[in-house]
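protein-v3.csv follows (CSV, C-alpha atoms and all ligand atoms):
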```
chain,number,residue,atom,x,y,z
A,1,MET,CA,165.8,211.1,169.1
A,2,LEU,CA,163.4,210.1,171.8
A,3,ARG,CA,164.5,211.4,175.2
A,4,THR,CA,165.0,208.6,177.8
A,5,ASP,CA,162.2,209.8,180.1
A,6,ALA,CA,159.8,209.8,177.1
A,7,LEU,CA,160.9,206.3,176.2
A,8,THR,CA,160.4,205.1,179.8
A,9,ARG,CA,156.9,206.5,179.7
A,10,LEU,CA,156.2,204.8,176.3
A,11,GLN,CA,157.4,201.5,177.6
A,12,SER,CA,155.6,201.7,181.0
A,13,THR,CA,152.3,202.5,179.2
A,14,GLY,CA,153.0,199.3,177.2
A,15,GLN,CA,152.8,201.2,173.9
A,16,TYR,CA,153.4,199.2,170.9
A,17,ALA,CA,155.9,200.3,168.2
A,18,LEU,CA,153.9,198.2,165.8
A,19,GLU,CA,150.5,196.7,165.6
A,20,LEU,CA,149.2,194.8,162.6
A,21,GLU,CA,145.5,194.0,162.6
A,22,ALA,CA,144.1,191.4,160.2
A,23,VAL,CA,146.6,192.4,157.5
A,24,SER,CA,146.5,190.5,154.2
A,25,ARG,CA,148.2,191.1,150.9
A,26,HIS,CA,147.1,189.6,147.7
A,27,PHE,CA,149.0,189.5,144.4
A,28,GLY,CA,146.3,188.6,141.9
A,29,ALA,CA,145.1,185.1,143.1
A,30,LEU,CA,148.2,184.6,145.3
A,31,VAL,CA,147.7,185.3,149.0
A,32,ALA,CA,151.1,186.4,150.1
A,33,LEU,CA,149.9,187.5,153.6
A,34,ALA,CA,146.8,186.1,155.2
A,35,ASP,CA,145.2,187.6,158.3
A,36,ILE,CA,148.4,188.7,160.1
A,37,ASN,CA,147.9,189.9,163.7
A,38,LEU,CA,151.2,191.1,165.1
A,39,THR,CA,152.3,193.4,167.9
A,40,VAL,CA,155.8,194.5,168.8
A,41,LYS,CA,156.5,196.7,171.8
A,42,ALA,CA,158.5,199.9,171.8
A,43,GLY,CA,162.2,198.9,172.0
A,44,GLU,CA,161.5,195.3,171.4
A,45,ARG,CA,163.7,193.2,169.1
A,46,ARG,CA,162.0,190.6,167.1
A,47,ALA,CA,163.2,188.0,164.6
A,48,VAL,CA,161.0,186.8,161.8
A,49,LEU,CA,161.8,183.4,160.4
A,50,GLY,CA,160.3,181.3,157.7
A,51,SER,CA,161.1,179.5,154.5
A,52,ASN,CA,161.5,181.1,151.1
A,53,GLY,CA,158.2,182.7,150.0
A,54,ALA,CA,156.7,182.6,153.5
A,55,GLY,CA,155.7,186.3,153.1
A,56,LYS,CA,158.5,187.9,155.3
A,57,THR,CA,159.4,190.6,152.8
A,58,THR,CA,155.8,191.2,151.9
A,59,LEU,CA,155.2,191.7,155.7
A,60,PHE,CA,157.9,194.5,155.6
A,61,ASN,CA,156.3,196.0,152.5
A,62,ALA,CA,153.0,196.2,154.2
A,63,ILE,CA,154.5,197.9,157.2
A,64,THR,CA,156.5,200.4,155.2
A,65,GLY,CA,153.9,201.1,152.6
A,66,ASP,CA,156.0,199.9,149.7
A,67,PHE,CA,153.1,197.5,149.0
A,68,PRO,CA,150.2,198.5,151.2
A,69,PRO,CA,148.0,195.7,152.6
A,70,THR,CA,145.0,194.6,150.6
A,71,THR,CA,143.0,194.5,153.9
A,72,GLY,CA,143.7,195.3,157.5
A,73,ARG,CA,145.3,198.1,159.5
A,74,VAL,CA,148.9,199.0,160.4
A,75,ARG,CA,149.6,201.2,163.5
A,76,LEU,CA,153.0,202.7,164.3
A,77,PHE,CA,153.4,204.0,167.9
A,78,GLY,CA,149.7,204.0,168.3
A,79,GLU,CA,148.9,205.9,165.1
A,80,ASP,CA,147.1,204.3,162.2
A,81,VAL,CA,149.5,204.7,159.2
A,82,THR,CA,147.8,202.3,156.8
A,83,ASP,CA,146.9,205.2,154.4
A,84,LEU,CA,150.1,207.2,154.8
A,85,SER,CA,152.9,207.3,152.2
A,86,ILE,CA,156.3,205.7,152.7
A,87,HIS,CA,157.8,209.1,153.3
A,88,GLU,CA,155.3,210.0,156.0
A,89,ARG,CA,156.1,206.7,157.8
A,90,ILE,CA,159.9,207.5,157.6
A,91,ARG,CA,159.1,210.8,159.2
A,92,ARG,CA,157.5,209.0,162.1
A,93,GLY,CA,160.8,207.0,162.7
A,94,LEU,CA,160.3,203.9,160.6
A,95,ARG,CA,163.3,202.6,158.6
A,96,ARG,CA,164.1,199.5,156.6
A,97,THR,CA,166.9,197.8,154.8
A,98,TYR,CA,166.3,195.9,151.6
A,99,GLN,CA,167.2,192.3,150.7
A,100,ILE,CA,168.9,193.8,147.6
A,101,SER,CA,171.4,196.6,148.0
A,102,LEU,CA,170.3,200.1,147.2
A,103,LEU,CA,173.6,201.9,147.9
A,104,PHE,CA,175.1,204.6,145.7
A,105,ASP,CA,178.0,202.6,144.3
A,106,GLY,CA,180.0,205.5,142.9
A,107,LEU,CA,179.9,207.6,146.0
A,108,SER,CA,182.2,207.4,149.1
A,109,VAL,CA,181.0,205.7,152.2
A,110,VAL,CA,180.7,209.0,154.2
A,111,ASP,CA,178.8,210.7,151.3
A,112,ASN,CA,176.3,207.9,151.3
A,113,VAL,CA,175.6,208.3,155.0
A,114,TYR,CA,175.7,212.1,154.7
A,115,LEU,CA,173.0,212.0,152.0
A,116,ALA,CA,170.9,209.7,154.2
A,117,CYS,CA,171.2,212.2,157.1
A,118,ARG,CA,170.2,215.0,154.9
A,119,GLY,CA,167.3,213.1,153.4
A,120,ALA,CA,166.0,212.1,156.8
A,121,SER,CA,166.1,215.6,158.1
A,122,ARG,CA,163.1,217.9,157.6
A,123,GLY,CA,165.2,220.5,155.7
A,124,ARG,CA,165.3,220.4,151.9
A,125,LEU,CA,167.8,218.0,150.3
A,126,SER,CA,170.9,219.9,149.1
A,127,LEU,CA,173.8,218.4,147.2
A,128,ARG,CA,176.2,221.2,148.3
A,129,ARG,CA,179.5,219.9,149.5
A,130,PRO,CA,179.4,219.7,153.3
A,131,LYS,CA,181.7,221.9,155.3
A,132,PRO,CA,184.0,220.0,157.6
A,133,ASP,CA,182.4,221.3,160.8
A,134,ASP,CA,178.9,220.6,159.5
A,135,ALA,CA,176.8,219.0,162.3
A,136,MET,CA,175.5,216.5,159.8
A,137,THR,CA,179.0,215.4,158.8
A,138,HIS,CA,179.6,214.8,162.4
A,139,ALA,CA,176.3,212.8,162.6
A,140,ALA,CA,177.4,210.7,159.6
A,141,GLU,CA,180.8,210.0,161.2
A,142,THR,CA,179.1,208.8,164.4
A,143,LEU,CA,177.0,206.5,162.4
A,144,LEU,CA,180.0,205.1,160.6
A,145,ASP,CA,181.6,204.3,163.9
A,146,ALA,CA,178.5,202.6,165.1
A,147,VAL,CA,178.6,200.2,162.2
A,148,HIS,CA,182.4,199.7,162.4
A,149,LEU,CA,183.2,201.6,159.1
A,150,GLY,CA,185.1,204.6,160.5
A,151,ALA,CA,188.2,203.5,158.7
A,152,GLU,CA,186.4,203.2,155.4
A,153,ARG,CA,185.1,206.7,155.4
A,154,GLU,CA,186.6,207.7,152.1
A,155,SER,CA,186.3,204.4,150.3
A,156,LEU,CA,184.0,204.1,147.4
A,157,VAL,CA,181.0,201.8,148.0
A,158,SER,CA,182.2,199.6,145.1
A,159,GLU,CA,185.4,199.0,147.0
A,160,LEU,CA,183.7,197.6,150.1
A,161,SER,CA,183.3,193.9,150.8
A,162,HIS,CA,179.8,192.5,150.8
A,163,GLY,CA,179.7,192.5,154.6
A,164,GLN,CA,180.9,196.1,154.7
A,165,GLN,CA,178.1,197.1,152.3
A,166,ARG,CA,175.5,195.5,154.6
A,167,GLN,CA,177.0,197.4,157.5
A,168,LEU,CA,176.7,200.6,155.5
A,169,GLU,CA,173.1,199.9,154.8
A,170,ILE,CA,172.5,199.7,158.6
A,171,ALA,CA,174.2,203.1,159.0
A,172,LEU,CA,171.7,204.5,156.4
A,173,ALA,CA,168.8,203.1,158.3
A,174,LEU,CA,170.1,204.8,161.4
A,175,ALA,CA,170.2,208.2,159.9
A,176,GLY,CA,167.8,210.8,161.3
A,177,ALA,CA,165.9,209.6,164.4
A,178,PRO,CA,164.8,206.0,163.8
A,179,ARG,CA,162.5,204.5,166.4
A,180,PHE,CA,161.9,201.2,164.6
A,181,ILE,CA,163.9,199.4,161.9
A,182,LEU,CA,163.0,196.5,159.6
A,183,PHE,CA,166.2,194.5,158.6
A,184,ASP,CA,165.6,192.2,155.6
A,185,GLU,CA,168.2,189.4,155.8
A,186,PRO,CA,171.2,191.6,156.6
A,187,ALA,CA,173.3,188.4,157.3
A,188,ALA,CA,172.6,186.8,153.9
A,189,GLY,CA,175.8,185.9,152.1
A,190,LEU,CA,178.1,187.0,155.0
A,191,SER,CA,181.2,185.1,156.0
A,192,PRO,CA,181.3,183.8,159.6
A,193,THR,CA,183.6,186.7,160.6
A,194,GLU,CA,181.2,189.3,159.0
A,195,ARG,CA,178.3,187.6,160.6
A,196,SER,CA,179.8,188.0,164.1
A,197,GLU,CA,180.5,191.7,163.3
A,198,LEU,CA,176.9,192.2,162.3
A,199,ILE,CA,175.6,190.6,165.5
A,200,GLU,CA,177.9,192.9,167.5
A,201,ILE,CA,176.6,195.9,165.6
A,202,LEU,CA,173.0,195.0,166.1
A,203,GLN,CA,173.5,194.2,169.8
A,204,SER,CA,175.1,197.7,170.3
A,205,LEU,CA,172.2,199.7,168.8
A,206,PRO,CA,170.7,202.3,171.2
A,207,THR,CA,168.2,200.4,173.4
A,208,HIS,CA,165.3,202.6,172.5
A,209,ILE,CA,165.5,201.5,168.9
A,210,GLY,CA,163.3,198.4,168.3
A,211,PHE,CA,163.6,196.3,165.2
A,212,ILE,CA,162.4,193.3,163.3
A,213,ILE,CA,165.1,191.2,161.6
A,214,ILE,CA,164.3,188.7,158.9
A,215,GLU,CA,166.9,186.0,159.2
A,216,HIS,CA,167.3,182.4,157.9
A,217,ASP,CA,170.2,181.7,160.3
A,218,MET,CA,168.6,180.7,163.5
A,219,ASP,CA,171.8,181.3,165.4
A,220,VAL,CA,172.0,185.0,164.3
A,221,ALA,CA,168.3,185.5,165.0
A,222,LEU,CA,168.5,184.0,168.5
A,223,ARG,CA,171.5,186.1,169.4
A,224,VAL,CA,170.0,189.5,168.5
A,225,ALA,CA,166.3,189.0,169.2
A,226,GLU,CA,164.3,188.6,172.4
A,227,SER,CA,161.2,187.3,170.6
A,228,VAL,CA,160.6,185.3,167.5
A,229,THR,CA,157.7,185.0,165.0
A,230,MET,CA,157.6,182.1,162.6
A,231,MET,CA,155.9,182.5,159.3
A,232,HIS,CA,154.7,179.9,156.8
A,233,ASN,CA,152.6,180.3,153.7
A,234,GLY,CA,151.7,183.9,154.5
A,235,ARG,CA,150.6,183.1,158.0
A,236,ILE,CA,152.1,183.4,161.5
A,237,PHE,CA,152.2,179.9,162.9
A,238,LYS,CA,154.3,180.4,166.0
A,239,GLU,CA,155.4,183.1,168.4
A,240,GLY,CA,157.6,182.9,171.5
A,241,ASN,CA,160.9,183.7,173.0
A,242,PRO,CA,164.0,182.2,171.3
A,243,GLU,CA,164.2,179.3,173.7
A,244,GLU,CA,160.5,178.3,173.2
A,245,ILE,CA,160.9,178.5,169.4
A,246,GLU,CA,164.1,176.6,169.3
A,247,ASN,CA,162.7,173.7,171.4
A,248,ASP,CA,159.3,173.6,169.7
A,249,PRO,CA,158.8,170.3,168.0
A,250,GLU,CA,156.6,171.8,165.2
A,251,VAL,CA,159.2,174.4,164.5
A,252,GLN,CA,161.9,171.8,164.4
A,253,GLU,CA,159.9,169.6,162.1
A,254,LEU,CA,158.9,172.4,159.7
A,255,TYR,CA,161.8,174.8,159.8
A,256,LEU,CA,164.8,172.9,160.8
A,257,GLY,CA,163.8,169.7,159.0
A,258,GLY,CA,165.7,167.7,161.6
A,259,GLY,CA,169.0,169.1,160.4
A,260,HIS,CA,169.8,170.6,163.8
A,261,ALA,CA,169.2,167.4,165.8
B,1,LIG,N1,155.5,192.2,143.9
B,1,LIG,C1,155.0,190.9,143.9
B,1,LIG,N2,154.2,190.5,142.9
B,1,LIG,C2,153.8,189.2,142.8
B,1,LIG,N3,154.0,188.3,143.8
B,1,LIG,C3,154.8,188.7,144.8
B,1,LIG,C4,155.3,190.0,144.9
B,1,LIG,N4,156.1,190.1,146.0
B,1,LIG,C5,156.0,188.9,146.6
B,1,LIG,N5,155.3,188.0,145.9
B,1,LIG,C6,155.0,186.6,146.2
B,1,LIG,O1,154.5,186.6,147.5
B,1,LIG,C7,155.0,185.4,148.2
B,1,LIG,C8,155.8,185.9,149.4
B,1,LIG,O2,157.0,186.5,149.0
B,1,LIG,P1,158.0,187.2,149.9
B,1,LIG,O3,159.0,187.9,149.1
B,1,LIG,O4,157.3,188.0,150.9
B,1,LIG,O5,158.7,185.9,150.7
B,1,LIG,P2,159.9,185.9,151.7
B,1,LIG,O6,159.4,185.2,152.9
B,1,LIG,O7,160.5,187.2,151.9
B,1,LIG,O8,160.9,184.9,150.9
B,1,LIG,P3,162.5,184.9,150.8
B,1,LIG,O9,163.0,184.2,152.0
B,1,LIG,O10,162.8,184.1,149.6
B,1,LIG,O11,163.0,186.3,150.8
B,1,LIG,C9,155.9,184.7,147.2
B,1,LIG,O12,155.1,183.7,146.6
B,1,LIG,C10,156.2,185.7,146.2
B,1,LIG,O13,156.4,185.2,144.9
B,2,MG,MG,162.3,188.1,151.4
```
Let me see the structure of the file written as C-alpha cells.
Amino acid sequence: MLRTDALTRLQSTGQYALELEAVSRHFGALVALADINLTVKAGERRAVLGSNGAGKTTLFNAITGDFPPTTGRVRLFGEDVTDLSIHERIRRGLRRTYQISLLFDGLSVVDNVYLACRGASRGRLSLRRPKPDDAMTHAAETLLDAVHLGAERESLVSELSHGQQRQLEIALALAGAPRFILFDEPAAGLSPTERSELIEILQSLPTHIGFIIIEHDMDVALRVAESVTMMHNGRIFKEGNPEEIENDPEVQELYLGGGHA
C-alpha cells in the first residue's frame, strides 16, 4: 500500500496513474478504438460513458493487456507498460472487474477473497487451508467488511444475490495493494437498493485508489466520479466534470436522447 506521504508527493508532482497515447485497437477491419488520448491522475475517479459497442470494454482490455493495443502506448504511474503482461501490470497495482462474473461459484465468500489475496501477493500460490490467525485471512475479512459482505463470510458464492456477487468482485479487485482499478459496469442489473449500496462502497474506497468506472446509469457515474469521459464509435468525444457533461447539449442529444429532459 502506498504510504500517505508518498501519495502526496505523487499527487503534487501531478503524476498520472494512467496515460494513453494514440491508442487504437483493430479487430480485423473493425476499428474498436481509434486514436485514444487519455490521462487520469493518481487518485482520480473517472466515469466512462457511451452507448453499446462504443469501445469502453476494449479500452479496459488495452489498459490491462487482455487485448493489447494495435498501435499507441499505455503508461501506468509513469512507466510504459504497453509490452508488459497482464500479470506484470497487476504487480504494479492495476486491477479490474469484468462485465461477466469470474467468481468461483462453489467456494465460500471468504475463500474467494482469501485466494485473491494469496494470488496478489508475491509469494507462491498455496491451496493449504488457512490458519485462523493467518494475516491474509485477516486481510480477507477486512476486504469483506469494506464491501459490506462481512455477514456472508461463509456463504457459497452461488447463494449470493446478484448485487452481493458484484460486491464480492470489488473485494477481489481490492486484494493486494491496488493503486488503480477498472470497474466494468458494476451496477449492471442491480436493484435500486443494491445500486445505492454499490455507490456507498465505491465512495468509501481508500482515497489513494483511483479508478475508472464504466457505467450506463448517469446518476451512478455522477455520484462516484469527479471526471467523465464520453466515448462514441471508438473515440473520445467529450471530457469534463460531471456537471459540464450533464449539461452539454451534444451529450444530451447523443447519449440521453432527450429522455432526461
Ligand atoms: N474480441 C473481439 N473480437 C472482435 N470484435 C470485438 C472484440 N471485442 C470487442 N469487439 C468489437 O469492438 C467494438 C467495441 O466493443 P466493446 O465491447 O469495447 O464495447 P462497449 O462500449 O464495452 O459496449 P457495451 O456497452 O455493450 O459493453 C464492438 O463493435 C465489438 O463488437
Ligand atoms: Mg462493455
- Quote the spacing between atom CA of Glu244 of chain A and atom CA of Ile63 of chain A in Å to one decimal place.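 It comes out at 26.0 Å.
Those protein and nucleic acid residues that have any atom within 8 Å of ligand MG 2 (chain B) are, using all atoms listed in the file, A:Asn52, A:Gly53, A:Gly55, A:Lys56, A:Thr57, A:Thr58, A:Gln99, A:Asp184, A:Glu185, A:Ile214.
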- Pick the closest to Glu88 of chain A from A:Leu222, A:Ala146, A:Ala120, A:Leu115: which is it, counting all atoms listed in the file?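 Nearest to Glu88 of chain A: A:Ala120.
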- Task: May I have the residues within 12 Å of ligand LIG 1 (chain B), computed using all atoms listed in the file, as a ChimeraX atom specification?
- Result: /A:24-34,48-62,66-69,98-100,183-186,188,213-217,230-236
How would the residues just picked look written out with C-alpha atoms as a PDB file, in the frame of the given file?
```
ATOM      1  CA  SER A  24     146.500 190.500 154.200  1.00  0.00           C
ATOM      2  CA  ARG A  25     148.200 191.100 150.900  1.00  0.00           C
ATOM      3  CA  HIS A  26     147.100 189.600 147.700  1.00  0.00           C
ATOM      4  CA  PHE A  27     149.000 189.500 144.400  1.00  0.00           C
ATOM      5  CA  GLY A  28     146.300 188.600 141.900  1.00  0.00           C
ATOM      6  CA  ALA A  29     145.100 185.100 143.100  1.00  0.00           C
ATOM      7  CA  LEU A  30     148.200 184.600 145.300  1.00  0.00           C
ATOM      8  CA  VAL A  31     147.700 185.300 149.000  1.00  0.00           C
ATOM      9  CA  ALA A  32     151.100 186.400 150.100  1.00  0.00           C
ATOM     10  CA  LEU A  33     149.900 187.500 153.600  1.00  0.00           C
ATOM     11  CA  ALA A  34     146.800 186.100 155.200  1.00  0.00           C
ATOM     12  CA  VAL A  48     161.000 186.800 161.800  1.00  0.00           C
ATOM     13  CA  LEU A  49     161.800 183.400 160.400  1.00  0.00           C
ATOM     14  CA  GLY A  50     160.300 181.300 157.700  1.00  0.00           C
ATOM     15  CA  SER A  51     161.100 179.500 154.500  1.00  0.00           C
ATOM     16  CA  ASN A  52     161.500 181.100 151.100  1.00  0.00           C
ATOM     17  CA  GLY A  53     158.200 182.700 150.000  1.00  0.00           C
ATOM     18  CA  ALA A  54     156.700 182.600 153.500  1.00  0.00           C
ATOM     19  CA  GLY A  55     155.700 186.300 153.100  1.00  0.00           C
ATOM     20  CA  LYS A  56     158.500 187.900 155.300  1.00  0.00           C
ATOM     21  CA  THR A  57     159.400 190.600 152.800  1.00  0.00           C
ATOM     22  CA  THR A  58     155.800 191.200 151.900  1.00  0.00           C
ATOM     23  CA  LEU A  59     155.200 191.700 155.700  1.00  0.00           C
ATOM     24  CA  PHE A  60     157.900 194.500 155.600  1.00  0.00           C
ATOM     25  CA  ASN A  61     156.300 196.000 152.500  1.00  0.00           C
ATOM     26  CA  ALA A  62     153.000 196.200 154.200  1.00  0.00           C
ATOM     27  CA  ASP A  66     156.000 199.900 149.700  1.00  0.00           C
ATOM     28  CA  PHE A  67     153.100 197.500 149.000  1.00  0.00           C
ATOM     29  CA  PRO A  68     150.200 198.500 151.200  1.00  0.00           C
ATOM     30  CA  PRO A  69     148.000 195.700 152.600  1.00  0.00           C
ATOM     31  CA  TYR A  98     166.300 195.900 151.600  1.00  0.00           C
ATOM     32  CA  GLN A  99     167.200 192.300 150.700  1.00  0.00           C
ATOM     33  CA  ILE A 100     168.900 193.800 147.600  1.00  0.00           C
ATOM     34  CA  PHE A 183     166.200 194.500 158.600  1.00  0.00           C
ATOM     35  CA  ASP A 184     165.600 192.200 155.600  1.00  0.00           C
ATOM     36  CA  GLU A 185     168.200 189.400 155.800  1.00  0.00           C
ATOM     37  CA  PRO A 186     171.200 191.600 156.600  1.00  0.00           C
ATOM     38  CA  ALA A 188     172.600 186.800 153.900  1.00  0.00           C
ATOM     39  CA  ILE A 213     165.100 191.200 161.600  1.00  0.00           C
ATOM     40  CA  ILE A 214     164.300 188.700 158.900  1.00  0.00           C
ATOM     41  CA  GLU A 215     166.900 186.000 159.200  1.00  0.00           C
ATOM     42  CA  HIS A 216     167.300 182.400 157.900  1.00  0.00           C
ATOM     43  CA  ASP A 217     170.200 181.700 160.300  1.00  0.00           C
ATOM     44  CA  MET A 230     157.600 182.100 162.600  1.00  0.00           C
ATOM     45  CA  MET A 231     155.900 182.500 159.300  1.00  0.00           C
ATOM     46  CA  HIS A 232     154.700 179.900 156.800  1.00  0.00           C
ATOM     47  CA  ASN A 233     152.600 180.300 153.700  1.00  0.00           C
ATOM     48  CA  GLY A 234     151.700 183.900 154.500  1.00  0.00           C
ATOM     49  CA  ARG A 235     150.600 183.100 158.000  1.00  0.00           C
ATOM     50  CA  ILE A 236     152.100 183.400 161.500  1.00  0.00           C
TER      51      ILE A 236
END
```
- Can you tell me how far atom CA of Phe180 of chain A sits from atom CA of Phe211 of chain A, in Å to one decimal?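 Interatomic distance, atom CA of Phe180 of chain A to atom CA of Phe211 of chain A: 5.2 Å.
One distance worth recording is that between atom CA of Asn241 of chain A and atom CA of Glu226 of chain A, which is 6.0 Å.
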